[in-house]
$ cat query-v8.cif   # mmCIF, C-alpha atoms (C1' of nucleotides)
data_input
#
loop_
_atom_site.label_atom_id
_atom_site.label_comp_id
_atom_site.auth_asym_id
_atom_site.auth_seq_id
_atom_site.Cartn_x
_atom_site.Cartn_y
_atom_site.Cartn_z
CA MET A 1 0.00 0.00 0.00
CA ARG A 2 1.37 3.37 -1.00
CA TYR A 3 0.59 6.95 -0.12
CA TRP A 4 0.04 9.92 -2.38
CA LEU A 5 -0.89 13.57 -2.44
CA MET A 6 -3.31 14.92 -5.01
CA LYS A 7 -3.97 18.60 -5.62
CA SER A 8 -7.22 20.17 -6.66
CA GLU A 9 -8.36 23.74 -6.78
CA PRO A 10 -11.41 24.00 -4.52
CA SER A 11 -13.01 26.42 -6.97
CA THR A 12 -12.87 23.65 -9.58
CA TYR A 13 -13.39 20.55 -7.47
CA GLY A 14 -13.28 20.64 -3.69
CA ILE A 15 -13.40 17.79 -1.22
CA ASP A 16 -17.05 18.48 -0.39
CA GLN A 17 -17.96 17.68 -3.98
CA LEU A 18 -16.29 14.30 -3.65
CA ALA A 19 -18.02 13.66 -0.33
CA ALA A 20 -21.36 14.45 -2.02
CA ALA A 21 -20.71 12.30 -5.08
CA ARG A 22 -22.52 9.03 -5.66
CA ARG A 23 -20.83 6.36 -3.54
CA LYS A 24 -18.51 9.17 -2.47
CA THR A 25 -16.45 8.20 -5.50
CA ASP A 26 -15.42 10.18 -8.55
CA HIS A 27 -12.86 10.14 -11.31
CA TRP A 28 -9.75 12.31 -11.08
CA ASP A 29 -9.61 13.85 -14.52
CA GLY A 30 -7.61 16.54 -16.23
CA ILE A 31 -4.07 15.44 -15.40
CA ARG A 32 -2.01 16.69 -18.35
CA ASN A 33 1.50 16.33 -17.03
CA TYR A 34 3.54 13.23 -17.84
CA GLN A 35 5.15 12.86 -14.44
CA ALA A 36 1.83 13.17 -12.66
CA ARG A 37 0.27 10.74 -15.13
CA ASN A 38 3.03 8.23 -14.53
CA PHE A 39 2.44 8.39 -10.78
CA MET A 40 -1.26 7.77 -11.34
CA ARG A 41 -0.41 4.67 -13.35
CA GLU A 42 1.43 3.32 -10.31
CA MET A 43 -1.60 3.71 -8.04
CA LYS A 44 -3.31 0.59 -6.76
CA VAL A 45 -6.79 0.11 -5.35
CA GLY A 46 -6.59 0.77 -1.62
CA ASP A 47 -3.71 3.22 -1.79
CA GLN A 48 -4.41 6.32 0.28
CA ALA A 49 -3.96 9.91 -0.77
CA PHE A 50 -4.13 13.31 0.82
CA PHE A 51 -6.63 15.61 -0.85
CA TYR A 52 -4.85 18.95 -1.14
CA HIS A 53 -6.54 22.25 -1.86
CA SER A 54 -4.35 24.41 -4.07
CA ASN A 55 -4.50 27.89 -5.52
CA CYS A 56 -6.77 29.22 -2.80
CA ALA A 57 -6.63 31.43 0.26
CA GLU A 58 -5.43 28.67 2.58
CA PRO A 59 -3.68 25.93 0.61
CA GLY A 60 -3.23 22.70 2.53
CA VAL A 61 -4.21 19.08 3.15
CA ILE A 62 -7.95 19.04 3.67
CA GLY A 63 -8.76 15.33 3.79
CA ILE A 64 -8.03 11.73 2.88
CA VAL A 65 -9.21 9.69 -0.10
CA GLU A 66 -8.45 6.19 -1.30
CA ILE A 67 -7.90 4.83 -4.77
CA ALA A 68 -11.07 3.03 -5.83
CA ARG A 69 -10.16 2.15 -9.41
CA GLU A 70 -6.81 1.87 -11.09
CA HIS A 71 -5.85 3.94 -14.09
CA TYR A 72 -7.97 3.99 -17.23
CA PRO A 73 -8.11 6.43 -20.15
CA ASP A 74 -9.10 9.99 -19.27
CA PHE A 75 -12.14 10.40 -21.51
CA THR A 76 -12.22 14.16 -21.10
CA ALA A 77 -9.24 14.23 -23.47
CA PHE A 78 -11.50 12.85 -26.23
CA ASP A 79 -14.17 15.51 -25.86
CA PRO A 80 -13.57 18.56 -28.06
CA LYS A 81 -15.90 20.57 -25.82
CA SER A 82 -13.89 19.82 -22.69
CA SER A 83 -11.23 22.22 -21.52
CA TYR A 84 -9.10 19.10 -21.04
CA TYR A 85 -9.44 18.10 -24.70
CA ASP A 86 -6.24 16.85 -26.33
CA ALA A 87 -6.39 16.05 -30.05
CA LYS A 88 -3.33 13.86 -29.68
CA SER A 89 -5.11 11.49 -27.33
CA SER A 90 -7.56 8.98 -28.77
CA ALA A 91 -9.54 6.03 -27.44
CA SER A 92 -7.36 3.67 -29.46
CA ASN A 93 -4.17 5.37 -28.32
CA PRO A 94 -4.85 7.27 -25.11
CA ARG A 95 -2.23 9.65 -23.84
CA TRP A 96 -3.86 10.58 -20.54
CA TYR A 97 -5.23 8.51 -17.71
CA MET A 98 -7.30 8.95 -14.61
CA VAL A 99 -8.10 6.99 -11.48
CA ASP A 100 -11.20 6.89 -9.33
CA VAL A 101 -10.93 8.11 -5.76
CA ARG A 102 -13.28 7.53 -2.83
CA PHE A 103 -13.80 9.99 -0.03
CA VAL A 104 -12.50 8.67 3.29
CA ARG A 105 -12.69 11.64 5.63
CA LYS A 106 -11.91 15.29 6.10
CA MET A 107 -9.18 16.39 8.46
CA LYS A 108 -10.39 17.97 11.68
CA GLY A 109 -8.88 21.16 10.30
CA ALA A 110 -6.82 21.81 7.21
CA ILE A 111 -3.12 21.12 7.62
CA LEU A 112 -1.84 24.23 5.97
CA LEU A 113 1.05 24.46 3.58
CA SER A 114 2.56 27.09 5.88
CA GLU A 115 2.55 24.52 8.72
CA ILE A 116 3.88 21.73 6.55
CA LYS A 117 6.79 23.95 5.55
CA GLN A 118 7.72 24.41 9.21
CA ASN A 119 7.85 20.69 10.00
CA PRO A 120 11.44 19.44 9.74
CA LEU A 121 10.16 15.90 9.11
CA LEU A 122 8.62 17.14 5.86
CA LYS A 123 11.67 18.86 4.39
CA GLU A 124 11.89 16.24 1.63
CA LEU A 125 8.20 16.24 0.75
CA ARG A 126 7.93 17.08 -2.93
CA LEU A 127 5.21 19.58 -2.19
CA VAL A 128 7.65 21.90 -0.44
CA ARG A 129 10.64 21.32 -2.69
CA ARG A 130 11.68 24.25 -4.77
CA GLY A 131 9.45 24.96 -7.73
CA ASN A 132 7.56 21.71 -7.59
CA ARG A 133 4.21 22.07 -9.28
CA LEU A 134 3.32 18.42 -9.63
CA SER A 135 -0.35 17.86 -8.95
CA VAL A 136 0.08 14.17 -8.13
CA MET A 137 3.03 13.02 -6.05
CA PRO A 138 4.12 10.16 -3.83
CA VAL A 139 4.31 10.56 -0.06
CA THR A 140 6.44 8.24 2.09
CA ALA A 141 4.92 6.38 5.04
CA LYS A 142 6.95 8.58 7.39
CA GLU A 143 5.71 11.75 5.75
CA TRP A 144 2.16 10.43 5.84
CA LYS A 145 2.39 9.82 9.59
CA ALA A 146 4.04 13.19 10.17
CA ILE A 147 1.18 14.99 8.46
CA ILE A 148 -1.47 12.96 10.28
CA ARG A 149 0.24 13.86 13.56
CA MET A 150 -0.17 17.54 12.72
CA GLU A 151 -3.94 17.21 12.71
CA LYS A 152 -5.71 19.48 15.19
CA ARG A 153 -7.50 17.87 18.07
"C1'" DG B 1 -2.70 40.61 -9.96
"C1'" DC B 2 2.20 39.46 -9.85
"C1'" DC B 3 5.71 36.56 -10.95
"C1'" DA B 4 9.04 32.57 -10.35
"C1'" DA B 5 9.62 28.18 -11.88
"C1'" DC B 6 8.51 24.97 -14.78
"C1'" DG B 7 6.92 22.12 -19.02
"C1'" DT B 8 5.86 22.17 -23.90
"C1'" DT B 9 6.15 23.61 -28.59
"C1'" DG B 10 8.17 24.40 -32.80
"C1'" DG B 11 11.60 26.71 -35.84
"C1'" DC B 12 16.04 25.96 -37.22
"C1'" DG C 1 19.26 18.53 -30.55
"C1'" DC C 2 19.10 23.38 -29.14
"C1'" DC C 3 16.67 26.98 -27.26
"C1'" DA C 4 13.50 31.00 -27.41
"C1'" DA C 5 8.87 31.83 -26.89
"C1'" DC C 6 4.92 30.75 -24.80
"C1'" DG C 7 1.54 28.76 -21.56
"C1'" DT C 8 0.58 27.01 -16.94
"C1'" DT C 9 0.85 26.37 -11.99
"C1'" DG C 10 0.22 28.05 -7.73
"C1'" DG C 11 1.96 30.72 -3.68
"C1'" DC C 12 1.73 35.17 -2.11
#
$ encode --input "query-v8.cif" --output "C-alpha cells"
Amino acid sequence: MRYWLMKSEPSTYGIDQLAAARRKTDHWDGIRNYQARNFMREMKVGDQAFFYHSNCAEPGVIGIVEIAREHYPDFTAFDPKSSYYDAKSSASNPRWYMVDVRFVRKMKGAILLSEIKQNPLLKELRLVRRGNRLSVMPVTAKEWKAIIRMEKR
DNA sequence: GCCAACGTTGGC
DNA sequence: GCCAACGTTGGC
C-alpha cells in the first residue's frame, strides 16, 4: 500500500464535492503532465492519498481519499468541448489517464502548507521542494504519519 | 494581480 | 538537438 498527495483547486473541485458524489467516489480527470500521469499509473486500489486544496486562500491538506479504481483512459481528453481536450489522445491510443478516488474523511482542520513547511520531518516532501508544481506526487509512510500527527485535536 | 519556476512547442 | 517563446501552476 502506497501513499500519495493529489492537488485540486477548490473552486474547480473541492473535497465536499467528492463527499457528495454518488458512492462518495469520482474520477480524477484533467491530469495533463507526464510525471503526474506516470504516478497515477502506479496507483493501486486501496492506496491512500491526501486531498490537497491548491491555488486558494489557505492551501493545505484538507482530507483523505483512497484509490477506488486503477488507471484507465481519461475520456475528457477525447471531448472537443472539454477544456481538457487533447487532439493527440484517442480512445485507441490514449495519452492521458485517470483513477477513481473515494472519499475517506476530512481532516479535523486543514493542515496548511505554511505549517507543513515548518515541520522538519517534511523537508523532503515534494510539495515543499523548490518549484515543484506536480499535482500528483508520492508521499512516504513517514511523511504520511508526520502529516497525520499535525492534525488538530 | 504578480511573478518565479517549470513544461511544452516548434523553428532551425 | 538546441533553445527562445509561450503557456501554466500556484503561492503570495
$ resolve_selection --input "query-v8.cif" --expression "the PyMOL selection byres ((chain C and resi 5) around 10)" --output "PyMOL selection string"
(chain B and resi 9-10) or (chain C and resi 3-4+6-7)
$ closest_residue --input "query-v8.cif" --among "A:Ser92, A:Gln35, A:Thr76, A:Asn55" --to "chain B" --atoms "all atoms listed in the file"
A:Gln35
$ resolve_selection --input "query-v8.cif" --expression "the PyMOL selection byres ((chain A) within 10 of (chain B))" --output "PyMOL selection string"
chain A and resi 33-34+130-134
$ residues_around --input "query-v8.cif" --residues "Leu125 (chain A)" --least-positions-apart "6" --cutoff "9 Å" --atoms "only C-alpha atoms (C1' of nucleotides)" --output "list in words"
Pro138, Val139, Thr140 and Glu143 of chain A
$ atom_distance --input "query-v8.cif" --atom1 "CA of Val101 (chain A)" --atom2 "CA of Asn38 (chain A)"
16.5 Å
$ atom_distance --input "query-v8.cif" --atom1 "CA of Asp26 (chain A)" --atom2 "CA of Phe78 (chain A)"
18.3 Å
$ residues_around --input "query-v8.cif" --residues "Arg102 (chain A)" --least-positions-apart "5" --cutoff "9 Å" --atoms "all atoms listed in the file" --output "ChimeraX atom specification"
/A:18-19,23-27,64-68
$ resolve_selection --input "query-v8.cif" --expression "the PyMOL selection byres ((chain A and resi 113-115) around 8)" --output "PDB file with C-alpha atoms, in the frame of the given file"
ATOM      1  CA  GLU A  58      -5.430  28.670   2.580  1.00  0.00           C
ATOM      2  CA  PRO A  59      -3.680  25.930   0.610  1.00  0.00           C
ATOM      3  CA  GLY A  60      -3.230  22.700   2.530  1.00  0.00           C
ATOM      4  CA  VAL A  61      -4.210  19.080   3.150  1.00  0.00           C
ATOM      5  CA  ILE A 111      -3.120  21.120   7.620  1.00  0.00           C
ATOM      6  CA  LEU A 112      -1.840  24.230   5.970  1.00  0.00           C
ATOM      7  CA  ILE A 116       3.880  21.730   6.550  1.00  0.00           C
ATOM      8  CA  LYS A 117       6.790  23.950   5.550  1.00  0.00           C
ATOM      9  CA  GLN A 118       7.720  24.410   9.210  1.00  0.00           C
ATOM     10  CA  ASN A 119       7.850  20.690  10.000  1.00  0.00           C
TER      11      ASN A 119
END
$ atom_distance --input "query-v8.cif" --atom1 "CA of Trp28 (chain A)" --atom2 "CA of Lys123 (chain A)"
27.2 Å
$ closest_residue --input "query-v8.cif" --among "A:Phe103, A:Phe51, A:Tyr97, A:Tyr85" --to "Tyr3 (chain A)" --atoms "all atoms listed in the file"
A:Phe51
